[in-house]
Amino acid sequence: LLIEAQVMSHEVAVSTAEVPATPVEVRPQGLLDQIVEAVRRDSQQSAEEFLAETCVPHGGE
Amino acid sequence: VIVARIFKRLIGLETEYAIRHSSSTRAGPQPSKFRLFESIVAVLRRKVPAVPARYFKEGVFTANGGAVWFEAERPSSGGGLIEGATPECRSPRQLLAYQMAQDRMLSECARTSRFQLSLIKNDRDAADNVYGAQENYEASLASGWRLGAWRCGLVILFPLALLTWLSILACVLVTLSYFLIAGLLYIPLRCVMGRHERVTLLLFGRDISEGRETCVHLPTWLEAALQVTTRILTAPLAISLYWLLRSVAFADIHRRLLPFLVTRTILSGAGMIDSAGRFQIADKGPSINCVFGFGGILWDRPVFTFGHFFKAIYAESWFSPREYAGLFTPLQRLQIAIGDSNMCPSAQFLRVGTTLLVLDAIEAGFFGYHPRLRYPIRALRAVCADPTLSVELPLVGESPLTALQIQRFYYSACRAFVGSQSDAPEESRQVLELWRRALDSLEQYARDGEPGWLIGSIDWVTKRYLIEHAAPDLSWPERKKIDVRYHELSPDGYFEMLNEAGLVAQLVEADEIERAQRTPPPDSPATTRGHYIREFALGDEPLTVNWKSIVLGQGWSSRVIRLNRYGRRPVPPPRVRSGRSDASAERRRRGKKG
């Protein structure tokens, strides 16, 4: 990939080779897994009722 | 050398929140959304100084200079949303603090209101009703011949505006005549039938039949008839104004900003499960059906909306001719309706920060070349439907590029722009750094599916992760519940759960958010507005406020303070009557509290 952009008199050239590598983040995966499990359990409870409660017919502009 | 002003313009966000009244806390019949709105505002007024809005819709302004509105397309149907509008800010970080303050304040008020409500900060419900967020940027409408054409157009449009006001006035007179006739009819009807609730509702609407303020001033059938009639009566003005705006307003900005906004979706999209069960990157994007429009007046959902110009002429100028005169000035409000309501602070910071940088660069004349999308709306839908980020968008006269590649172009141009300005604020470099990091991470995500930093930073990736890991085998309603509940502003909301667990990247300190709930931003019309609200909200003298002025007192003795001259002079001291002083006002306040 090479995008060449003429921006006024400035020459801007960017290639993926110039892009520094994304820093690797260490995330507390266990915590994320717990939330995923909680979301899974909650999403199965009265889903249709929840969706009806959050509907806004003739709502905004 | 181009000398530019970076992060100097006024900016603001409008956010619509769905009000959820859970069946578990509900007893008796479902109150209308307006009643729920009232209960939230009642708590709000106990928490912070607030005064009634002087506007054509129900709402209040608060001490930080922001506003809270009741939004309803057809109030008599019982629907409606609560809308929060931040005060006018100057920088993306400042705006983020005010948006987060607003989210927190309104959600706390909803939770502690007598109906125990919760708010959903999203853009589309399960029945595909679309609402959500709008961004406002102060920008130069035109210069040179275009500005001349705009001003000439306004002069030519004036007789048409006058005619429209007269026809609306005729509509009001017909409505009043109707109420007079209905009243005369009702007296004999009541003698024959007794007090009949359905007849009262049919003739006069909920306000009168229920004997209280419900924000429904008309019967349902009359409201619908008037809505159609006013659309027909205002159509010639709307069409003429549309073509004037389309021809001259923000022409350069629209052209250069559009490819950026379409592809910005990969940074700021909130994610959504559509009615066919597919994952879309944006909540609102798939419903956008035109580039320019008035935003809902004719079922249009535009990228750039002109609705505020139309309102200024047909609704506001009727009461105040100054509003019409204000349209002649070159600095106007550019309104963008394509963005989603973000939950992740990083996504919101990027949504506003990157747009501001691109706008600053465009207005500084920095963009010579820019990619031009061949089919912008088709491109937007293609971007929204492609979480793999691999779809290529056809360009005019060039090979197709992906959304990531187009974003890389804008990023590199803005980096060069900021680099060329010796006095660029540090915050502009922070925006660039976060922008680069987000693009790098998205590229890696597209390559190997590893979300990494994107979880808790970019909404659509976070939501997609939750849906794919929590509900790979679940039904549509269950997947959709994850989509919607991600946006619930309560401890039960899924984003809030991630936030509580420390999995969300934070950009603003808690005390900044706390301060932003009560104090207006400096160097803004909100500074003066907030000052008066704090001073007079609990006093005896009535104060009403809108975005452009403050009215102190009532009737002939009232005094109007215009907010368009903020910054050119210090905040004027409030007029002191009957020997009142700040100290006595404070004593009075304490006395009322005690």
# chains A, B, ... in the order shown; residues from 1 in each chain; ligands from 1
$ residues_around --residues "Leu474 of chain B" --least-positions-apart "3" --cutoff "9 Å" --atoms "only C-alpha atoms" --output "VMD selection string"
(chain A and resid 40 43 to 44) or (chain B and resid 470 to 471 477 to 479)
$ write_last_selection --atoms "N, CA and C atoms" --output "short mmCIF file (atom, residue, chain, number, x, y, z; two decimals), in the first residue's frame"
data_model
loop_
_atom_site.label_atom_id
_atom_site.label_comp_id
_atom_site.auth_asym_id
_atom_site.auth_seq_id
_atom_site.Cartn_x
_atom_site.Cartn_y
_atom_site.Cartn_z
N ARG A 40 -23.82 -13.48 28.97
CA ARG A 40 -24.50 -14.64 28.38
C ARG A 40 -25.73 -15.03 29.22
N SER A 43 -28.43 -12.14 29.06
CA SER A 43 -29.08 -11.95 27.75
C SER A 43 -30.18 -12.97 27.50
N GLN A 44 -30.12 -14.10 28.21
CA GLN A 44 -31.13 -15.13 27.99
C GLN A 44 -32.38 -14.94 28.84
N ALA B 470 -20.39 -14.34 23.91
CA ALA B 470 -21.46 -14.65 24.86
C ALA B 470 -22.66 -15.29 24.18
N ALA B 471 -22.83 -15.03 22.89
CA ALA B 471 -24.08 -15.49 22.27
C ALA B 471 -23.88 -16.06 20.87
N PRO B 477 -33.48 -12.32 19.44
CA PRO B 477 -33.79 -11.41 20.55
C PRO B 477 -32.69 -11.37 21.61
N GLU B 478 -32.04 -12.52 21.85
CA GLU B 478 -31.00 -12.56 22.87
C GLU B 478 -29.74 -11.82 22.40
N ARG B 479 -29.41 -11.98 21.12
CA ARG B 479 -28.26 -11.23 20.56
C ARG B 479 -28.57 -9.74 20.52
#
$ interface_residues --of "chain B" --to "chain A" --cutoff "8 Å" --atoms "only C-alpha atoms" --output "JSON, numbers by chain"
{"B": [16, 18, 19, 20, 21, 22, 23, 71, 72, 73, 74, 75, 77, 79, 80, 81, 120, 125, 126, 127, 129, 131, 295, 296, 365, 366, 367, 368, 369, 370, 405, 408, 409, 412, 413, 416, 437, 440, 441, 444, 452, 453, 466, 469, 470, 471, 477, 478, 479, 480, 481, 482, 484, 494, 497, 498, 501, 503]}
$ atom_distance --atom1 "atom CA of Val383 of chain B" --atom2 "atom CA of Ser399 of chain B"
16.8 Å
$ closest_residue --among "B:Ser275, B:Val262, B:Ala325, B:Leu357" --to "Cys384 of chain B" --atoms "only C-alpha atoms"
B:Val262
$ atom_distance --atom1 "atom CA of Ile281 of chain B" --atom2 "atom CA of Phe294 of chain B"
24.7 Å
